[in-house]
Each structure stands twice: as structure tokens, then as C-alpha cells.
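input.tsv, holding TSV, C-alpha atoms and all ligand atoms:
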chain	number	residue	atom	x	y	z
A	1	MET	CA	12.94	128.96	39.73
A	2	LYS	CA	12.04	126.63	42.61
A	3	LYS	CA	14.78	124.52	44.22
A	4	GLN	CA	14.29	121.76	46.81
A	5	LYS	CA	15.23	118.19	47.65
A	6	ILE	CA	12.74	115.40	46.98
A	7	GLU	CA	13.26	111.66	47.37
A	8	GLY	CA	17.04	112.30	47.61
A	9	TRP	CA	17.14	114.32	44.36
A	10	LEU	CA	17.92	118.03	44.10
A	11	TRP	CA	14.91	119.35	42.19
A	12	GLN	CA	14.84	122.55	40.11
A	13	GLU	CA	11.60	123.62	38.47
A	14	PHE	CA	11.44	126.26	35.71
A	15	ASP	CA	8.45	128.00	34.14
A	16	GLU	CA	9.82	127.49	30.66
A	17	LEU	CA	12.81	125.74	29.13
A	18	GLN	CA	13.74	124.74	25.60
A	19	SER	CA	14.58	121.26	26.82
A	20	THR	CA	14.90	119.94	30.37
A	21	ASN	CA	17.64	117.60	29.08
A	22	ASP	CA	19.75	120.62	28.06
A	23	LYS	CA	19.28	122.32	31.43
A	24	ALA	CA	20.19	119.09	33.25
A	25	LYS	CA	23.39	118.85	31.16
A	26	GLU	CA	24.27	122.44	32.14
A	27	LEU	CA	23.85	121.64	35.85
A	28	VAL	CA	26.11	118.61	35.48
A	29	GLU	CA	28.81	120.68	33.75
A	30	GLN	CA	28.69	123.33	36.47
A	31	GLY	CA	28.58	120.85	39.36
A	32	ASP	CA	31.58	119.31	41.03
A	33	ASN	CA	30.16	116.50	43.17
A	34	ASP	CA	27.99	113.42	42.66
A	35	GLU	CA	24.68	115.17	43.30
A	36	LEU	CA	21.53	113.69	41.77
A	37	TRP	CA	19.55	116.37	39.96
A	38	VAL	CA	16.07	116.47	38.55
A	39	VAL	CA	14.95	119.33	36.33
A	40	THR	CA	11.33	120.02	35.42
A	41	ALA	CA	9.64	122.71	33.34
A	42	LYS	CA	6.01	123.80	33.14
A	43	ARG	CA	6.50	124.44	29.44
A	44	GLN	CA	9.07	123.06	27.07
A	45	THR	CA	9.59	124.91	23.78
A	46	ALA	CA	12.08	122.69	21.92
A	47	GLY	CA	11.71	119.24	23.44
A	48	ARG	CA	13.64	116.45	21.72
A	49	GLY	CA	12.51	112.90	21.09
A	50	ARG	CA	14.19	109.73	19.88
A	51	LEU	CA	15.41	109.39	16.30
A	52	GLY	CA	15.63	113.16	15.83
A	53	ARG	CA	11.92	113.79	16.41
A	54	ALA	CA	10.43	116.75	18.29
A	55	TRP	CA	8.45	116.31	21.53
A	56	GLN	CA	5.52	118.67	21.96
A	57	GLY	CA	5.33	120.80	25.09
A	58	PHE	CA	1.66	120.98	26.15
A	59	GLU	CA	1.19	122.74	29.49
A	60	GLY	CA	0.04	120.37	32.26
A	61	ASN	CA	2.22	117.53	30.98
A	62	LEU	CA	5.35	116.38	32.78
A	63	PHE	CA	8.73	117.27	31.30
A	64	MET	CA	11.58	116.12	33.48
A	65	SER	CA	15.22	115.13	33.26
A	66	LEU	CA	17.04	113.07	35.85
A	67	ALA	CA	20.82	113.51	35.97
A	68	MET	CA	22.93	110.87	37.71
A	69	PRO	CA	26.42	109.38	37.69
A	70	ALA	CA	25.91	106.15	35.75
A	71	ASP	CA	27.37	102.71	35.30
A	72	TRP	CA	27.93	102.96	31.53
A	73	ALA	CA	28.67	99.27	31.11
A	74	ASN	CA	25.03	98.63	32.01
A	75	LEU	CA	23.30	101.36	30.06
A	76	ASN	CA	20.55	98.99	28.91
A	77	ILE	CA	19.37	98.54	32.50
A	78	TYR	CA	18.69	102.27	32.79
A	79	VAL	CA	16.70	102.02	29.54
A	80	PHE	CA	14.53	99.25	31.02
A	81	ILE	CA	14.21	100.97	34.41
A	82	SER	CA	13.17	104.26	32.82
A	83	SER	CA	9.97	102.81	31.34
A	84	LEU	CA	9.39	100.14	33.99
A	85	THR	CA	9.30	102.89	36.61
A	86	LEU	CA	6.44	104.70	34.91
A	87	PHE	CA	4.71	101.41	34.12
A	88	ASN	CA	4.74	100.40	37.80
A	89	ILE	CA	3.32	103.75	38.92
A	90	ILE	CA	0.45	103.63	36.44
A	91	ASN	CA	-0.15	100.00	37.33
A	92	LYS	CA	-0.60	100.96	41.00
A	93	LEU	CA	-2.88	103.90	40.12
A	94	LYS	CA	-5.12	101.99	37.75
A	95	SER	CA	-6.98	99.74	40.23
A	96	ASN	CA	-10.45	101.12	39.34
A	97	ILE	CA	-9.68	102.06	35.76
A	98	ASN	CA	-10.19	99.63	32.94
A	99	VAL	CA	-7.19	100.20	30.67
A	100	LYS	CA	-4.59	98.02	29.01
A	101	LEU	CA	-1.09	98.95	30.15
A	102	GLU	CA	1.97	97.67	28.23
A	103	LEU	CA	5.63	98.37	27.54
A	104	LYS	CA	6.94	98.88	24.03
A	105	TRP	CA	10.59	98.40	23.07
A	106	PRO	CA	12.83	100.24	23.68
A	107	ASN	CA	11.27	102.37	26.42
A	108	ASP	CA	7.71	103.47	25.69
A	109	VAL	CA	4.69	103.00	27.91
A	110	LEU	CA	1.36	102.32	26.16
A	111	LEU	CA	-2.16	102.80	27.46
A	112	ASN	CA	-4.78	101.04	25.34
A	113	GLY	CA	-2.10	100.62	22.67
A	114	ALA	CA	-1.29	104.36	22.45
A	115	LYS	CA	1.88	106.11	23.60
A	116	ILE	CA	1.57	107.90	26.92
A	117	SER	CA	5.22	108.84	27.42
A	118	GLY	CA	8.54	109.29	25.71
A	119	ILE	CA	11.98	108.73	27.21
A	120	LEU	CA	15.28	109.96	25.83
A	121	LEU	CA	18.61	108.95	27.39
A	122	GLU	CA	21.59	111.20	26.68
A	123	LYS	CA	25.19	111.43	27.85
A	124	ALA	CA	26.37	114.44	29.84
A	125	ALA	CA	29.75	115.58	31.18
A	126	ARG	CA	31.55	113.72	33.99
A	127	ASP	CA	30.00	110.36	32.90
A	128	TYR	CA	26.57	111.50	33.97
A	129	LEU	CA	23.49	110.04	32.35
A	130	ILE	CA	20.47	112.18	31.57
A	131	VAL	CA	17.11	110.39	31.57
A	132	GLY	CA	14.62	112.74	29.93
A	133	VAL	CA	11.01	111.75	30.51
A	134	GLY	CA	7.92	113.29	28.95
A	135	VAL	CA	4.54	112.10	30.18
A	136	ASN	CA	1.26	113.07	28.57
A	137	VAL	CA	-0.60	113.90	31.76
A	138	LYS	CA	-3.31	116.24	30.49
A	139	ALA	CA	-2.85	116.49	26.71
A	140	SER	CA	-1.44	114.62	23.75
A	141	PRO	CA	-0.85	115.35	20.05
A	142	GLN	CA	-3.80	115.21	17.65
A	143	PRO	CA	-4.19	112.10	15.48
A	144	GLY	CA	-1.87	112.38	12.49
A	145	GLU	CA	0.61	114.69	14.23
A	146	THR	CA	2.86	111.77	15.21
A	147	PRO	CA	3.71	108.55	13.35
A	148	TYR	CA	2.23	106.54	16.26
A	149	GLN	CA	-1.03	106.82	18.23
A	150	THR	CA	-0.86	108.87	21.43
A	151	THR	CA	-3.05	109.36	24.46
A	152	ASN	CA	-2.87	111.06	27.86
A	153	LEU	CA	-3.53	110.05	31.46
A	154	ALA	CA	-6.54	112.37	31.90
A	155	ALA	CA	-8.23	111.00	28.76
A	156	CYS	CA	-7.81	107.47	30.15
A	157	GLY	CA	-9.46	108.41	33.47
A	158	PHE	CA	-6.41	109.17	35.66
A	159	ASP	CA	-6.78	112.22	37.87
A	160	ILE	CA	-3.15	113.01	38.64
A	161	ASP	CA	-1.05	116.13	38.63
A	162	ARG	CA	2.40	116.30	36.96
A	163	LEU	CA	4.18	117.06	40.26
A	164	GLU	CA	2.54	114.14	42.07
A	165	LEU	CA	3.79	112.01	39.21
A	166	LEU	CA	7.28	113.51	39.53
A	167	ARG	CA	7.46	112.47	43.20
A	168	TYR	CA	6.15	108.97	42.47
A	169	TYR	CA	8.63	108.59	39.60
A	170	LEU	CA	11.65	109.48	41.72
A	171	ALA	CA	10.60	107.17	44.56
A	172	GLU	CA	9.91	104.28	42.16
A	173	TRP	CA	13.18	104.94	40.27
A	174	ASN	CA	15.13	104.71	43.56
A	175	HIS	CA	13.30	101.48	44.39
A	176	ASN	CA	14.04	99.88	40.99
A	177	LEU	CA	17.69	100.88	41.15
A	178	GLU	CA	17.91	99.14	44.52
A	179	ILE	CA	16.28	95.99	43.03
A	180	TRP	CA	18.94	96.01	40.30
A	181	LYS	CA	21.78	96.40	42.83
A	182	GLN	CA	20.43	93.80	45.27
A	183	GLN	CA	18.95	91.23	42.87
A	184	GLY	CA	20.75	91.78	39.58
A	185	ALA	CA	20.01	92.85	36.02
A	186	ALA	CA	18.12	89.68	35.06
A	187	VAL	CA	15.33	90.53	37.51
A	188	ILE	CA	14.82	93.97	35.91
A	189	LYS	CA	14.97	92.55	32.40
A	190	ASP	CA	12.42	89.84	33.27
A	191	MET	CA	10.01	92.37	34.81
A	192	TRP	CA	10.29	94.42	31.63
A	193	LEU	CA	9.83	91.43	29.28
A	194	LYS	CA	6.82	90.13	31.23
A	195	ASN	CA	4.95	93.29	30.28
A	196	ALA	CA	6.34	93.85	26.78
A	197	LYS	CA	3.79	94.13	24.01
A	198	GLY	CA	4.21	91.78	21.05
A	199	LEU	CA	6.61	89.30	22.63
A	200	ASN	CA	6.71	86.08	20.56
A	201	GLU	CA	4.54	87.72	17.92
A	202	GLU	CA	5.20	88.92	14.37
A	203	ILE	CA	6.28	92.58	14.33
A	204	SER	CA	7.82	95.05	11.89
A	205	VAL	CA	10.80	97.21	12.74
A	206	SER	CA	11.54	100.35	10.81
A	207	LEU	CA	15.24	101.17	10.59
A	208	GLY	CA	15.20	104.51	8.83
A	209	LYS	CA	14.37	103.62	5.24
A	210	ARG	CA	14.41	99.83	5.71
A	211	ILE	CA	11.69	97.68	7.29
A	212	GLU	CA	12.42	94.26	8.79
A	213	ASN	CA	9.70	91.75	9.69
A	214	GLY	CA	10.06	88.84	12.08
A	215	ILE	CA	9.12	87.41	15.47
A	216	PHE	CA	10.04	89.49	18.51
A	217	VAL	CA	11.75	86.81	20.61
A	218	GLY	CA	13.32	88.92	23.36
A	219	VAL	CA	16.10	91.35	24.20
A	220	ASP	CA	19.81	90.63	24.67
A	221	ASP	CA	22.12	91.74	27.48
A	222	ASN	CA	22.75	95.06	25.70
A	223	GLY	CA	19.03	95.76	25.43
A	224	ALA	CA	18.99	95.04	21.67
A	225	LEU	CA	15.72	93.73	20.28
A	226	LEU	CA	15.95	90.13	19.00
A	227	LEU	CA	14.03	89.60	15.79
A	228	LYS	CA	13.77	86.03	14.50
A	229	GLN	CA	13.70	85.70	10.74
A	230	GLY	CA	13.58	82.04	9.75
A	231	GLU	CA	16.62	80.44	11.38
A	232	ASN	CA	18.41	83.77	11.96
A	233	VAL	CA	18.07	86.13	14.87
A	234	MET	CA	18.76	89.76	14.07
A	235	LYS	CA	19.89	92.18	16.82
A	236	ILE	CA	18.44	95.66	16.56
A	237	LEU	CA	19.84	98.47	18.70
A	238	ALA	CA	17.68	101.38	17.50
A	239	GLY	CA	14.46	101.61	15.54
A	240	ASP	CA	10.68	101.85	15.76
A	241	ILE	CA	8.58	98.77	16.16
A	242	TRP	CA	5.09	98.23	14.76
A	243	PHE	CA	2.55	95.59	15.75
A	244	ASN	CA	0.16	93.85	13.39
A	245	GLU	CA	-2.83	95.83	14.66
A	246	ASP	CA	-1.10	99.25	14.18
B	1	LIG	C1	10.56	109.87	22.41
B	1	LIG	O1	10.83	110.18	21.26
B	1	LIG	O2	9.70	109.03	22.68
B	1	LIG	C2	11.32	110.50	23.56
B	1	LIG	C3	10.72	111.80	24.00
B	1	LIG	C4	11.42	112.41	25.21
B	1	LIG	C5	10.82	113.71	25.65
B	1	LIG	C6	11.36	114.20	26.96
B	1	LIG	S1	10.44	115.57	27.60
B	1	LIG	C7	11.65	115.86	28.80
B	1	LIG	C8	13.00	115.65	28.15
B	1	LIG	N1	13.45	116.86	27.47
B	1	LIG	C9	13.56	116.69	26.15
B	1	LIG	O3	13.95	117.55	25.33
B	1	LIG	N2	13.19	115.44	25.81
B	1	LIG	C10	12.81	114.66	26.98

Written as C-alpha cells, that's how I'd like the structure from this file.
Amino acid sequence: MKKQKIEGWLWQEFDELQSTNDKAKELVEQGDNDELWVVTAKRQTAGRGRLGRAWQGFEGNLFMSLAMPADWANLNIYVFISSLTLFNIINKLKSNINVKLELKWPNDVLLNGAKISGILLEKAARDYLIVGVGVNVKASPQPGETPYQTTNLAACGFDIDRLELLRYYLAEWNHNLEIWKQQGAAVIKDMWLKNAKGLNEEISVSLGKRIENGIFVGVDDNGALLLKQGENVMKILAGDIWFNED
């Protein structure tokens, strides 16, 4: 296990873990100060995704969990920052690469309409928040293995290593957190919305067994998706959204 400090975070890297989120939770339980931790693994054998799904652990991809004391009244801001951070990094890297980069509610990043990353926020002891981020750097699931299309950075022409991405992510996370503190939540929310796929368009939202259709008109202060159906606006806190072209 490698241990060092990067970008103000205490980083521990493991060859193999079941889930970096679980290891981060362990560190929080054992710790007794407000340290910021980041845990990475070269391989992840039982990665978790949103809505009870599994997250595949291809070697060469980035599996990381950030652990931080959090402001729980503003959880939605961490949700926006988690995907905006990756979005901004890829945006900076893509100057010579012709790809379409978008955000998908609640916190996915899409390249050419396909999912490049997955982010899972979980609660840990001592009011810590765990932000678990998986990025398809070198490999992604085969078509049909996931309910949505996936891709990876290498396949889209990005020559980047998972640990370079780790460093960029931490630096960009710190920067976005500062923007939130200095300029307020509305600035973060607006940056997210400006790049959200399907805004003001007809979408479908699957809520377990039920599907709701409507116009995606925005997000509220809790991060809920606002779906306009006739004169009513429905607030959706968790679900999967689908676009007309999917
Ligand atoms: C999703 O369903 O889109 C979220 C996937 C989150 C996967 C990451 S990989 C690192 C961290 N450890 C886990 O077990 N899950 C997250």
C-alpha cells in the first residue's frame, strides 16, 4: 500500500479492494481528526453503483473514493461538483479531440452520448461524506452489459493515465469547492445546468417499475430533477433518465 499527500489529500493506493468506498469508510471510522482522505485501487472486485447496480473493475480504470467532513445541508452541491469536476478536466484535455461532452442528471459525464464515469455518494461515520468515482480510462463494459451505453477515454482519443486523472480531479475538486464557498451554490448549479444534456427537452425518467415522461425544466435547490408534465412540475430525487435518441 502506497501512502502520500497530494493536493492536500492523504492518498492511499491499494493493489486490490472490493470497493474503495468501503475502505474510505473504514479510514474515517478509525480516524480521529478532520483529515481529507482519498483511496484508490488498481483493481476493484465488488464495486457498487447507483440504484443497487454493480460497477465493473477493469484494470487501468480509475476507482477512487474521496472522504471529507461535509456540510450535509448542502448535499446536492457535492453531487453537482462531483460530476462538474470531471467534466471540467475532460473539457480542458479535449482541445484537439472532436467529442461531445455533456453532463447527465444526477451526476454522470457523457462522451458522445455514452457514460464515461459513475459517481456514488455515501454517508460515513463522523458526518463524513464519501464521493466514490469510477472513470472508464482504458476500458468499458461491452454493449448490452449495462442498461446504458458506455465508452472510455482511450477509445475517444484521450491519452491519460488513471493517476494523472486522480491528481487533476483532486485539484479541480478543491477549486470548485472554493468557488462554492466564495461565490455561492447558484454559481455551481448554473455551471452544471449550462452543460446538462436534455435541458428543456422531452425526456423519460425510470423510477424503478414506473416511467414518467415530461420536459426536463431544471433542478431545484435540493438537486431534484424538475419534470414538467402539462401544468404540473414533478420533483424527482432518484431515478434514471433517458433521452429521445437513447
Ligand atoms: C454509478 O452507478 O454510476 C456509480 C458508480 C460508482 C463507482 C465507483 S468506483 C469507485 C467507488 N467504489 C465503489 O464501490 N463505487 C464507486

With distances taken over only C-alpha atoms, which residue among A:Leu66, A:Arg126, A:Gln56, A:Phe158 lies nearest Leu170 in chain A?
A:Leu66

Taking all atoms listed in the file into account, name the residue in A:Leu51, A:Leu17, A:Val233, A:Ile6 that is nearest to Trp37 in chain A.
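Checking each of A:Leu51, A:Leu17, A:Val233, A:Ile6 against Trp37 in chain A, counting all atoms listed in the file, the winner is A:Ile6.
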
Excluding range 129-143 of chain A and any residue of its chain fewer than 3 positions from it, enumerate the residues within 6 Å of it, using only C-alpha atoms, and give them as a ChimeraX atom specification.
/A:21,60-68,70,116-124,151-154

Residues at most 8 Å from Ile188 in chain A, counting all atoms listed in the file, excluding those fewer than 5 positions away in the same chain, as a list of chain:residue names?
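The contact residues come out as A:Ile77, A:Phe80, A:Ile81, A:Asn176, A:Ile179, A:Trp180.
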
Go through A:Asp71, A:Ile215, A:Glu35, A:Glu172 one by one, measure the shortest atom-to-atom distance of each to Glu231 in chain A using only C-alpha atoms, and give the residue with the smallest value.
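Checking each candidate against Glu231 in chain A, we get A:Ile215 as the closest.
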
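Using only C-alpha atoms and all ligand atoms, the nearest neighbour of ligand LIG 1 (chain B) within the list A:Arg48, A:His175, A:Lys23, A:Lys194 is A:Arg48.
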
Pick from A:Val79, A:Ile160, A:Val205, A:Ala125, whichever lies nearest to ligand LIG 1 (chain B) using only C-alpha atoms and all ligand atoms:
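Counting only C-alpha atoms and all ligand atoms, the residue closest to ligand LIG 1 (chain B) is A:Val79.
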
Can you work out the spacing between CA of Asn200 in chain A and CA of Val219 in chain A in Å, to one decimal?
11.4 Å

Separation of CA of Ser83 in chain A and CA of Lys2 in chain A, in Å?
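These two atoms are separated by 26.4 Å.
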
How would range 56-67 of chain A read, as a compact mmCIF listing (two decimals), in the coordinates of the input, once all heavy atoms are built in?
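Once everything was written out, this is rebuild-v4.txt:
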# COMPACT_ATOMS: atom_id res chain seq x y z
N GLN A 56 6.34 117.48 21.74
CA GLN A 56 5.52 118.67 21.96
C GLN A 56 5.38 119.02 23.45
O GLN A 56 5.36 118.12 24.29
CB GLN A 56 4.13 118.44 21.37
CG GLN A 56 4.19 118.29 19.85
CD GLN A 56 2.82 118.47 19.22
OE1 GLN A 56 2.06 119.34 19.60
NE2 GLN A 56 2.52 117.63 18.26
N GLY A 57 5.26 120.33 23.70
CA GLY A 57 5.33 120.80 25.09
C GLY A 57 4.03 121.32 25.66
O GLY A 57 3.97 122.44 26.16
N PHE A 58 2.96 120.52 25.63
CA PHE A 58 1.66 120.98 26.15
C PHE A 58 1.73 121.25 27.65
O PHE A 58 2.21 120.40 28.41
CB PHE A 58 0.58 119.92 25.91
CG PHE A 58 0.44 119.51 24.48
CD1 PHE A 58 0.84 118.24 24.07
CD2 PHE A 58 -0.08 120.38 23.53
CE1 PHE A 58 0.72 117.85 22.75
CE2 PHE A 58 -0.20 119.99 22.20
CZ PHE A 58 0.20 118.73 21.81
N GLU A 59 1.19 122.40 28.08
CA GLU A 59 1.19 122.74 29.49
C GLU A 59 0.33 121.73 30.27
O GLU A 59 -0.71 121.29 29.76
CB GLU A 59 0.68 124.18 29.69
CG GLU A 59 1.18 124.73 30.98
CD GLU A 59 1.22 126.26 31.04
OE1 GLU A 59 1.22 126.91 29.97
OE2 GLU A 59 1.26 126.76 32.16
N GLY A 60 0.78 121.36 31.46
CA GLY A 60 0.04 120.37 32.26
C GLY A 60 0.68 118.99 32.14
O GLY A 60 0.44 118.11 32.96
N ASN A 61 1.50 118.80 31.10
CA ASN A 61 2.22 117.53 30.98
C ASN A 61 3.52 117.58 31.79
O ASN A 61 3.97 118.67 32.18
CB ASN A 61 2.53 117.23 29.51
CG ASN A 61 1.29 116.78 28.76
OD1 ASN A 61 0.25 116.53 29.37
ND2 ASN A 61 1.39 116.68 27.44
N LEU A 62 4.10 116.43 32.01
CA LEU A 62 5.35 116.38 32.78
C LEU A 62 6.54 116.33 31.83
O LEU A 62 6.60 115.47 30.93
CB LEU A 62 5.33 115.12 33.67
CG LEU A 62 6.58 114.86 34.51
CD1 LEU A 62 6.84 116.00 35.51
CD2 LEU A 62 6.45 113.53 35.28
N PHE A 63 7.46 117.26 32.03
CA PHE A 63 8.73 117.27 31.30
C PHE A 63 9.82 117.25 32.36
O PHE A 63 9.95 118.22 33.11
CB PHE A 63 8.89 118.55 30.46
CG PHE A 63 7.67 118.85 29.61
CD1 PHE A 63 6.81 119.88 29.96
CD2 PHE A 63 7.35 118.07 28.51
CE1 PHE A 63 5.67 120.14 29.21
CE2 PHE A 63 6.21 118.32 27.76
CZ PHE A 63 5.38 119.36 28.12
N MET A 64 10.56 116.17 32.44
CA MET A 64 11.58 116.12 33.48
C MET A 64 12.83 115.41 32.99
O MET A 64 12.76 114.58 32.09
CB MET A 64 11.06 115.41 34.73
CG MET A 64 10.86 113.94 34.56
SD MET A 64 10.37 113.22 36.14
CE MET A 64 9.84 111.62 35.60
N SER A 65 13.95 115.79 33.57
CA SER A 65 15.22 115.13 33.26
C SER A 65 15.93 114.80 34.55
O SER A 65 16.15 115.68 35.39
CB SER A 65 16.10 116.03 32.40
OG SER A 65 15.46 116.28 31.17
N LEU A 66 16.26 113.54 34.69
CA LEU A 66 17.04 113.07 35.85
C LEU A 66 18.50 113.06 35.41
O LEU A 66 18.81 112.62 34.30
CB LEU A 66 16.64 111.65 36.21
CG LEU A 66 15.38 111.40 37.04
CD1 LEU A 66 14.14 111.93 36.37
CD2 LEU A 66 15.21 109.91 37.30
N ALA A 67 19.39 113.54 36.28
CA ALA A 67 20.82 113.51 35.97
C ALA A 67 21.53 112.77 37.08
O ALA A 67 21.38 113.10 38.26
CB ALA A 67 21.37 114.94 35.86
